[in-house]
Structure formats: C-alpha cells, structure tokens
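First the structure, in the form of structure tokens, and then the observations on it.
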Amino acid sequence: MTRTSAIGVEAAVATVDGNRIKEFIDLMASITEAGPGVTRLAYTALERQAHEVFQARMRELGLAVTVDAAGNSIAELAGTSECSAAVGTGSHLDSVPAGGRFDGIAGVAAAVEVARAVVDSGMPHQRPWRFVAFAAEEGARFGQACNGSRAASGASTLSGVAGLRDSAGITMADAMAAVGLRPDAIDTAAWDPNEWHGFIELHVEQGNVLEVTGTPIGIVDVISGSSRVMVELSGTASHSGATPMHLRRDALVAAAECVLVCDQIAQNSQHRGTRVTVGKLEVEPSSITTIPGRVVFSVDVRDVDGDRQRATARDLLSRFHAIAKNRDVDIDIKTIGDTSPVTLPARLVDLVAAEAAAHGAPYRIMPSGASHDTQQISKVTSAGMIFVPSRGGLSHVPEEWTAYEELVLGTQVLLRAIYALDQA
Ligand code: HGY
Ligand code: MN
Ligand code: MN
C-alpha cells in the first residue's frame with residue numbers, strides 16, 4: 001500500500017468506496033447457516049468467523065487488534081498527540097434468524113472503510129481511533145440484547161450470562177466458552193471511560209421514516225428501551241374430541257387472549273408510542289387432535305419513554321394473570337431483558353448534524369425504534385448514531401436492503417464526524 005502524503009479529511013472522505021463496502025457486506029452475508037437471508041447467531045462459530053474476517057482486515061491496515069473476554073473485536077490506529085482519549089466507531093456482526101445483510105454489518109463495513117480511508121490517505125489525526133465489532137448484539141438467541149456492548153459498559157457478570165438460556169437450554173456462558181471466549185473474565189471487557197472521548201455508530205434505520213421523507217441521513221437523539229418477558233401458560237392437554245368445552249384448560253386459547261391484549265394496549269392512546277410484539281410462540285404438544293396443554297411466548301415492549309414502557313409492561317402482566325385465572329391455567333413469567341431508553345448527548349447530535357450539513361447531506365434528527373450497542377456505550381462515553389435508509393422500512397428479514405450509494409454517503413458523514421470528534 002503506497003501512502004500518499006498526509007491530506008485533509010475532505011480528500012480522505014472522497015476515497016470512500018461503495019464497491020469495497022459492498023464486497024465486505026457480501027462476504028459477511030456468505031457466513032451464514034443455510035436457509036433464507038442471514039442466520040449468524042450470537043456466540044456461534046459463524047459469528048466468530050465473521051469477527052476473524054474483521055480482525056484480518058484491520059491487521060492488513062496495520063492496526064493493533066484485540067479480542068476481549070466477551071468476544072468484542074477492537075482495532076486501534078495509534079494517536080499522534082498527547083490526547084490519549086480515543087474516538088471510535090463500529091457495530092455488530094451477529095444477526096437474527098433469517099435476518100438481513102445490513103443490520104449491524106453496515107456499521108462495521110463503514111468502520112472498516114473509515115479505517116482504510118484514514119490509513120491510506122495518511123489523514124492527520126490526533127487521538128487513537130478505535131474500530132469495534134461488538135459480539136452478540138441481537139437478543140434473538142438468548143433474549144437479552146447487546147451482550148458484547150453491555151460487557152464493554154461494565155454491566156455484564158458471569159452469573160448474568162450463566163442465567164441466560166437459548167431455546168435448546170444452552171446458557172450464554174457455555175455458548176461463549178464453546179467458541180473460546182471467557183465468560184469467567186467478562187468483567188475484564190469493561191471499557192475505562194477515561195480512555196474514551198466519543199463513539200459514533202452507523203446503522204440502518206430499520207424503519208421507513210428516512211425513505212418516506214426522502215432524507216438520506218438520520219441522526220439519532222433517543223434510542224428506545226425494551227422490556228422483554230417469556231410467558232409460560234400451563235393447562236391440561238387432552239383429547240380434542242372427547243373433552244367437552246366446559247372441562248378444558250386450553251393453554252393456547254389463553255395465550256391467544258394475551259396476544260390480543262398486547263395489541264389492544266399498544267394501540268390505545270394511553271400507551272401512544274409504545275410498541276408491543278409477540279414474536280415467538282411455542283405450543284405443546286402441537287398435535288391436531290390434542291388440546292394444547294402448554295404454551296410459551298415472548299413479549300417485547302419498546303418505547304422511547306421509560307416510564308410508559310414499564311407501565312405498559314406492568315399493565316400487560318396484570319392482564320395476563322387475570323386471563324390465566326379466568327381460564328383456569330397456570331402462569332409463569334420470566335423477565336429476560338430490561339433496558340431503559342437512552343437520550344444521546346446533544347453535543348454529539350449537533351456535531352454529526354454540522355458535519356452532515358457541511359457535506360451537503362440532508363438529515364433528520366429522529367428516535368430509534370430499535371435498540372443498539374450505542375445505548376450501552378453511551379454509559380461509558382459520549383455516543384452518537386447515524387442512520388441510513390432501509391428500503392420499505394424492512395429489517396430482521398432477508399429483504400432488508402440499503403442502497404450502496406446511501407451507505408457511501410453515511411460513511412462519508414461518519415468519517416467527517418469522527419474527525420470532528422478527534423479534533424474537539
Ligand atoms: O432488537 C433490536 O432492537 C436490535 O436489532 N438488536
Ligand atoms: Mn442492529
Ligand atoms: Mn437487529
């Protein structure tokens with residue numbers, strides 16, 4: 001690699017290349033289980049394979065790379081001044097089952113392209129620049145989200161990760177150990193706030209606001225929180241023909257009533273803005289001629305207002321208990337995750353907005369309906385988020401798509417914003 005002379009950030013920004021971003025995203029999309037879309041779940045060998053690709057790219061650029069006990073991969077471009085507090089960017093490499101190729105990966109691809117632009121151009125910078133691929137951001141496998149960035153924020157403990165299980169009963173701690181990570185040393189993954197000056201994540205919007213308003217850049221001011229529970233209803237499995245209706249304890253009918261209550265509550269004006277989803281529901285024995293005796297379903301309550309989020313969750317759970325009583329089934333509810341909404345610092349929102357404007361990119365300041373690693377990192381250092389549009393607002397599905405020219409523009413604004421943070 002021939003180094004050109006040190007040139008300004010403008011010239012470095014001009015080298016951002018959509019083909020390189022596409023090549024990285026396509027390569028990552030090939031690291032998946034068979035089936036539709038991308039399936040690369042938290043703390044699987046496939047996720048670690050994706051991290052190894054990221055680590056190799058960073059080493060090729062001459063960056064020092066470390067992997068922490070929680071599986072986060074962190075590459076560092078050394079600083080050039082006595083300003084030792086780092087700036088950084090990154091996102092996650094794991095996916096949901098049959099997910100898209102951009103959720104998380106777009107932010108890591110942007111981080112890799114920023115690293116390349118800075119190294120190849122010799123762009124002057126003063127602070128250490130860190131590029132991060134977080135582990136296990138999706139809550140799809142273990143219920144709780146953002147596990148790598150939770151560890152970075154110092155929120156993870158061995159007992160915590162040992163208490164989370166996937167649908168096969170494997171604990172997160174065992175899954176981590178099985179791919180060579182150190183749940184027993186997860187506390188060593190915590191970042192030192194004194195070593196950080198700021199962090200900005202690029203992510204696909206996963207909604208349709210940018211597309212509908214024709215805005216290429218979103219700047220996030222609030223990230224939604226989420227309260228998540230698993231509900232188990234236990235009735236009596238019995239013959240579907242010989243059991244009269246008045247003698248049944250049908251767990252699925254009770255669950256169906258609970259699902260409808262979730263929709264009704266989220267739709268009523270008192271809970272305006274709250275989103276409630278039952279995404280997973282398992283029926284036992286799931287046989288045409290047997291009354292369902294046991295049903296387990298998930299509930300995901302999201303809101304940008306923490307009080308409303310938790311009031312909705314409390315309201316739901318009391319309604320579930322009343323339904324269970326009325327239908328004579330037993331109920332057991334386990335909390336599997338509870339994260340507060342996070343308001344991102346206005347200083348970062350303003351900094352990113354100024355760089356988007358300076359780059360001539362129209363932008364919109366907006367909340368994030370999804371959770372993100374930045375939510376956790378904002379506990380350690382000033383953090384910001386840049387959104388790029390999602391076609392049709394779709395995400396967590398194979399049809400997830402963002403145009404590469406939109407990713408180029410987002411990456412250019414990201415590079416400018418990190419540089420502005422570096423100089424601040
Ligand atoms: O579920 C979420 O909000 C994110 O995709 N982890
Ligand atoms: Mn994501
Ligand atoms: Mn996601």
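Ligands are numbered from 1 in the order shown, chains are lettered A, B, ... in the order of the structure tokens, and residues start at 1 in each chain.
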Enumerate residues in contact with ligand 1: an atom-to-atom distance of at most 7 Å, counting only C-alpha atoms and all ligand atoms. Format the result as a PyMOL selection string.
-> chain A and resi 137-139+145-146+370-372
Rows by chain and residue number, segment 338-379 of chain A within 12 Å of segment 228-245 of chain A, shortest pair, only C-alpha atoms, as a Markdown table:
| residue | atom | partner | partner_atom | distance |
| --- | --- | --- | --- | --- |
| A:Asp338 | CA | A:Arg228 | CA | 6.1 |
| A:Thr339 | CA | A:Arg228 | CA | 8.9 |
| A:Ser340 | CA | A:Arg228 | CA | 11.5 |
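All residues, whether protein, DNA or RNA, that have an atom at most 7 Å from ligand 3 (counting only C-alpha atoms and all ligand atoms) are Ser95, Val96, Asp103, Gly104, Glu138 and His396 of chain A.
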Spatial neighbours of segment 62-72 of chain A, 7 Å, only C-alpha atoms, chain gap at least 2 places, as a VMD selection string = chain A and resid 55 58 to 60 74 to 77 133 to 135 148 151 181 to 183 185 to 186 188 to 189
Let's have the selection written as a short mmCIF file (atom, residue, chain, number, x, y, z; two decimals), in the first residue's frame, with N, CA, C and O atoms.
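Generated output (result10.cif):
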data_model
loop_
_atom_site.label_atom_id
_atom_site.label_comp_id
_atom_site.auth_asym_id
_atom_site.auth_seq_id
_atom_site.Cartn_x
_atom_site.Cartn_y
_atom_site.Cartn_z
N GLN A 55 -11.11 -8.84 11.95
CA GLN A 55 -9.78 -8.72 12.56
C GLN A 55 -8.68 -8.73 11.48
O GLN A 55 -7.75 -7.93 11.51
N MET A 58 -8.47 -5.47 9.61
CA MET A 58 -7.86 -4.42 10.43
C MET A 58 -6.34 -4.63 10.51
O MET A 58 -5.56 -3.69 10.43
N ARG A 59 -5.91 -5.88 10.62
CA ARG A 59 -4.47 -6.16 10.70
C ARG A 59 -3.79 -5.81 9.37
O ARG A 59 -2.67 -5.30 9.34
N GLU A 60 -4.51 -6.05 8.27
CA GLU A 60 -3.95 -5.71 6.94
C GLU A 60 -3.66 -4.21 6.84
O GLU A 60 -2.77 -3.76 6.14
N ILE A 74 -11.61 -5.33 18.74
CA ILE A 74 -11.30 -3.90 18.79
C ILE A 74 -9.96 -3.64 18.11
O ILE A 74 -8.94 -4.23 18.49
N ALA A 75 -10.00 -2.81 17.07
CA ALA A 75 -8.77 -2.46 16.34
C ALA A 75 -8.43 -1.01 16.64
O ALA A 75 -9.33 -0.17 16.76
N GLU A 76 -7.15 -0.72 16.80
CA GLU A 76 -6.77 0.66 17.16
C GLU A 76 -5.69 1.20 16.22
O GLU A 76 -4.69 0.56 15.95
N LEU A 77 -5.98 2.43 15.73
CA LEU A 77 -4.99 3.21 14.99
C LEU A 77 -4.40 4.18 16.00
O LEU A 77 -5.14 4.97 16.60
N ALA A 133 -16.05 -4.28 16.43
CA ALA A 133 -17.13 -5.22 16.06
C ALA A 133 -17.62 -5.82 17.37
O ALA A 133 -16.87 -6.53 18.06
N PHE A 134 -18.86 -5.46 17.75
CA PHE A 134 -19.41 -5.96 19.01
C PHE A 134 -19.91 -7.39 18.82
O PHE A 134 -20.40 -7.75 17.74
N ALA A 135 -19.83 -8.16 19.90
CA ALA A 135 -20.38 -9.52 19.86
C ALA A 135 -21.82 -9.50 20.38
O ALA A 135 -22.20 -8.66 21.19
N GLY A 148 -22.33 -7.95 24.05
CA GLY A 148 -20.92 -7.53 23.95
C GLY A 148 -20.75 -6.10 24.44
O GLY A 148 -19.85 -5.79 25.23
N ALA A 151 -21.07 -5.78 28.13
CA ALA A 151 -19.80 -6.11 28.81
C ALA A 151 -18.85 -4.92 28.74
O ALA A 151 -18.20 -4.56 29.73
N LEU A 181 -14.34 -18.07 24.21
CA LEU A 181 -14.37 -16.80 24.94
C LEU A 181 -14.35 -17.08 26.45
O LEU A 181 -14.35 -18.23 26.87
N ARG A 182 -14.35 -15.99 27.26
CA ARG A 182 -14.08 -16.16 28.70
C ARG A 182 -15.20 -15.55 29.53
O ARG A 182 -15.05 -14.47 30.10
N PRO A 183 -16.33 -16.22 29.65
CA PRO A 183 -17.41 -15.66 30.50
C PRO A 183 -16.94 -15.41 31.93
O PRO A 183 -17.37 -14.47 32.58
N ALA A 185 -14.24 -14.25 32.81
CA ALA A 185 -13.44 -13.00 32.87
C ALA A 185 -14.18 -11.85 32.19
O ALA A 185 -13.57 -10.86 31.78
N ILE A 186 -15.49 -11.96 32.09
CA ILE A 186 -16.26 -10.97 31.31
C ILE A 186 -16.11 -9.56 31.87
O ILE A 186 -16.19 -8.57 31.14
N THR A 188 -13.47 -8.18 32.65
CA THR A 188 -12.26 -7.53 32.09
C THR A 188 -12.55 -6.84 30.76
O THR A 188 -11.72 -6.11 30.24
N ALA A 189 -13.75 -7.08 30.22
CA ALA A 189 -14.10 -6.45 28.92
C ALA A 189 -14.58 -5.02 29.10
O ALA A 189 -14.78 -4.30 28.13
#
His51 of chain A: which residues within 8 Å, counting only C-alpha atoms, same-chain residues fewer than 2 positions away excluded, as a list in words?
-> Glu47, Arg48, Gln49, Val53, Phe54, Gln55, Ser73, Leu93 and Ala133 of chain A
So how far away is atom CA of Ala42 of chain A from atom CA of Gly163 of chain A, in Å?
-> 15.5 Å
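Shell of segment 263-278 of chain A at 8 Å, with only C-alpha atoms counted and residues fewer than 5 places along the chain excluded, is Phe297, Ser298, Val299, Asp300, Val301, Arg302, Asp303, Val304, Arg308, Gln309, Thr312 and Leu316 of chain A.
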With only C-alpha atoms and all ligand atoms as the atoms that count, which of A:Ile105, A:Ile377, A:Leu46, A:Met385 lies nearest to ligand 2?
-> A:Ile105
Could the residues of segment 317-394 of chain A that have an atom at most 12 Å from segment 206-211 of chain A be listed as CSV, each with its closest atom pair and the distance in Å to one decimal, counting only C-alpha atoms and ordered by chain and ascending residue number?
residue,atom,partner,partner_atom,distance
A:Pro362,CA,A:Leu210,CA,10.4
A:Tyr363,CA,A:Leu210,CA,8.7
A:Arg364,CA,A:Leu210,CA,7.8
A:Ile365,CA,A:Leu210,CA,10.2
A:Met366,CA,A:Val209,CA,8.8
A:Pro367,CA,A:Val209,CA,10.2
A:Ser368,CA,A:Gly207,CA,8.6
A:Gly369,CA,A:Gly207,CA,7.7
A:Ala370,CA,A:Gln206,CA,7.4
A:Ser371,CA,A:Gln206,CA,10.5
A:His372,CA,A:Gln206,CA,11.3
A:Ile386,CA,A:Leu210,CA,11.6
A:Phe387,CA,A:Leu210,CA,8.5
A:Val388,CA,A:Leu210,CA,7.5
A:Pro389,CA,A:Leu210,CA,5.3
A:Ser390,CA,A:Gln206,CA,5.6
A:Arg391,CA,A:Glu211,CA,6.7
A:Gly392,CA,A:Asn208,CA,5.9
A:Gly393,CA,A:Asn208,CA,3.8
A:Leu394,CA,A:Gln206,CA,5.9
Take the residues just selected and output them with C-alpha atoms as a tab-separated table (two decimals), in the first residue's frame.
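The file below, out-v7.tsv, is the result:
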chain	number	residue	atom	x	y	z
A	362	PRO	CA	-29.88	16.48	4.15
A	363	TYR	CA	-30.52	14.96	7.57
A	364	ARG	CA	-33.29	14.39	10.08
A	365	ILE	CA	-32.94	14.16	13.85
A	366	MET	CA	-35.04	11.19	14.96
A	367	PRO	CA	-35.59	8.49	17.60
A	368	SER	CA	-34.54	4.89	17.09
A	369	GLY	CA	-37.29	2.27	17.48
A	370	ALA	CA	-34.63	-0.46	17.66
A	371	SER	CA	-32.07	-0.99	20.41
A	372	HIS	CA	-28.39	-0.61	19.61
A	386	ILE	CA	-26.08	7.88	12.15
A	387	PHE	CA	-28.94	6.15	10.31
A	388	VAL	CA	-29.07	5.33	6.63
A	389	PRO	CA	-32.38	4.41	4.95
A	390	SER	CA	-33.95	0.94	4.96
A	391	ARG	CA	-35.89	0.13	1.80
A	392	GLY	CA	-39.57	-0.30	2.66
A	393	GLY	CA	-38.62	0.08	6.32
A	394	LEU	CA	-37.89	-3.65	6.40
Picked from segment 114-306 of chain A by DSSP as strand (DSSP E or B), as a PyMOL selection string = chain A and resi 129-134+165+171+196-204+217-223+225-234+236+238-239+249+275-277+281-284+290-291+294-303
Out of segment 15-250 of chain A, which residues get helix (DSSP H, G or I) from DSSP, as a PyMOL selection string?
-> chain A and resi 18-29+45-60+105-121+147-152+158-162+172-178+183-189+193-195+209-213+245-247
Please provide the set of residues having any atom within 12 Å of segment 351-354 of chain A, restricted to only C-alpha atoms, with same-chain residues fewer than 4 positions apart removed, written as number ranges by chain.
-> A: 198-202, 217-221, 344-347, 358-366, 382-387, 410-424
With C-alpha atoms kept, could you save the residues just selected as a PDB file, in the first residue's frame?
ATOM      1  CA  GLY A 198     -16.503   9.649  21.973  1.00  0.00           C
ATOM      2  CA  PHE A 199     -18.116   6.941  19.826  1.00  0.00           C
ATOM      3  CA  ILE A 200     -20.395   7.121  16.764  1.00  0.00           C
ATOM      4  CA  GLU A 201     -22.238   4.119  15.259  1.00  0.00           C
ATOM      5  CA  LEU A 202     -23.640   3.939  11.738  1.00  0.00           C
ATOM      6  CA  ILE A 217     -29.154  10.735   6.799  1.00  0.00           C
ATOM      7  CA  GLY A 218     -30.805  10.156  10.176  1.00  0.00           C
ATOM      8  CA  ILE A 219     -29.206  11.463  13.368  1.00  0.00           C
ATOM      9  CA  VAL A 220     -30.488   9.650  16.446  1.00  0.00           C
ATOM     10  CA  ASP A 221     -31.439  11.618  19.575  1.00  0.00           C
ATOM     11  CA  LEU A 344     -27.899  10.715  23.305  1.00  0.00           C
ATOM     12  CA  PRO A 345     -25.892  13.845  24.170  1.00  0.00           C
ATOM     13  CA  ALA A 346     -26.962  16.951  22.219  1.00  0.00           C
ATOM     14  CA  ARG A 347     -23.260  17.714  21.697  1.00  0.00           C
ATOM     15  CA  ALA A 358     -21.050  20.664   5.771  1.00  0.00           C
ATOM     16  CA  HIS A 359     -21.103  17.617   3.496  1.00  0.00           C
ATOM     17  CA  GLY A 360     -24.304  18.833   1.849  1.00  0.00           C
ATOM     18  CA  ALA A 361     -26.258  15.794   3.117  1.00  0.00           C
ATOM     19  CA  PRO A 362     -29.879  16.478   4.148  1.00  0.00           C
ATOM     20  CA  TYR A 363     -30.525  14.965   7.566  1.00  0.00           C
ATOM     21  CA  ARG A 364     -33.289  14.389  10.080  1.00  0.00           C
ATOM     22  CA  ILE A 365     -32.943  14.155  13.849  1.00  0.00           C
ATOM     23  CA  MET A 366     -35.039  11.192  14.957  1.00  0.00           C
ATOM     24  CA  SER A 382     -20.361  10.459  24.604  1.00  0.00           C
ATOM     25  CA  ALA A 383     -22.060   8.498  21.851  1.00  0.00           C
ATOM     26  CA  GLY A 384     -23.939   9.274  18.666  1.00  0.00           C
ATOM     27  CA  MET A 385     -25.709   7.363  15.887  1.00  0.00           C
ATOM     28  CA  ILE A 386     -26.076   7.882  12.150  1.00  0.00           C
ATOM     29  CA  PHE A 387     -28.935   6.147  10.307  1.00  0.00           C
ATOM     30  CA  GLY A 410     -23.430   7.678   5.516  1.00  0.00           C
ATOM     31  CA  THR A 411     -19.810   6.538   5.721  1.00  0.00           C
ATOM     32  CA  GLN A 412     -18.558   9.895   4.466  1.00  0.00           C
ATOM     33  CA  VAL A 413     -20.581  11.735   7.120  1.00  0.00           C
ATOM     34  CA  LEU A 414     -19.345   9.208   9.695  1.00  0.00           C
ATOM     35  CA  LEU A 415     -15.698   9.859   8.758  1.00  0.00           C
ATOM     36  CA  ARG A 416     -16.196  13.620   8.958  1.00  0.00           C
ATOM     37  CA  ALA A 417     -17.979  13.308  12.310  1.00  0.00           C
ATOM     38  CA  ILE A 418     -15.279  11.126  13.876  1.00  0.00           C
ATOM     39  CA  TYR A 419     -12.636  13.534  12.604  1.00  0.00           C
ATOM     40  CA  ALA A 420     -14.565  16.438  14.154  1.00  0.00           C
ATOM     41  CA  LEU A 421     -14.687  14.473  17.419  1.00  0.00           C
ATOM     42  CA  ASP A 422     -10.953  13.755  17.096  1.00  0.00           C
ATOM     43  CA  GLN A 423     -10.236  17.476  16.835  1.00  0.00           C
ATOM     44  CA  ALA A 424     -12.672  18.511  19.594  1.00  0.00           C
TER      45      ALA A 424
END
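Nearest to Ala110 of chain A of all the residues A:Glu33, A:Glu406, A:Glu400, A:Asp305 is A:Glu406, counting only C-alpha atoms.
Closest approach to ligand 2 among A:Ile170, A:Ala140, A:Val222, A:Val261: A:Ala140, based on only C-alpha atoms and all ligand atoms.
Checking A:Gly8, A:Gly37, A:Pro128, A:Gly90 one by one against ligand 2, counting only C-alpha atoms and all ligand atoms, you find the shortest gap at A:Gly90.
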Between atom CA of Ile336 of chain A and atom CA of Gln144 of chain A, what is the spacing in Å?
-> 5.9 Å
Please provide as a PyMOL selection string all residues within 6 Å of Ala173 of chain A, with the sequence filter that same-chain residues fewer than 3 positions apart are discarded (counting only C-alpha atoms).
-> chain A and resi 161-162+176+183
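Considering the residues A:Met123, A:Ala78, A:Ala136, A:Val118 and counting only C-alpha atoms and all ligand atoms, ligand 2 has its shortest atom-to-atom contact with A:Ala136.
You will find atom CA of Leu247 of chain A at 24.9 Å from atom CA of Ser318 of chain A.
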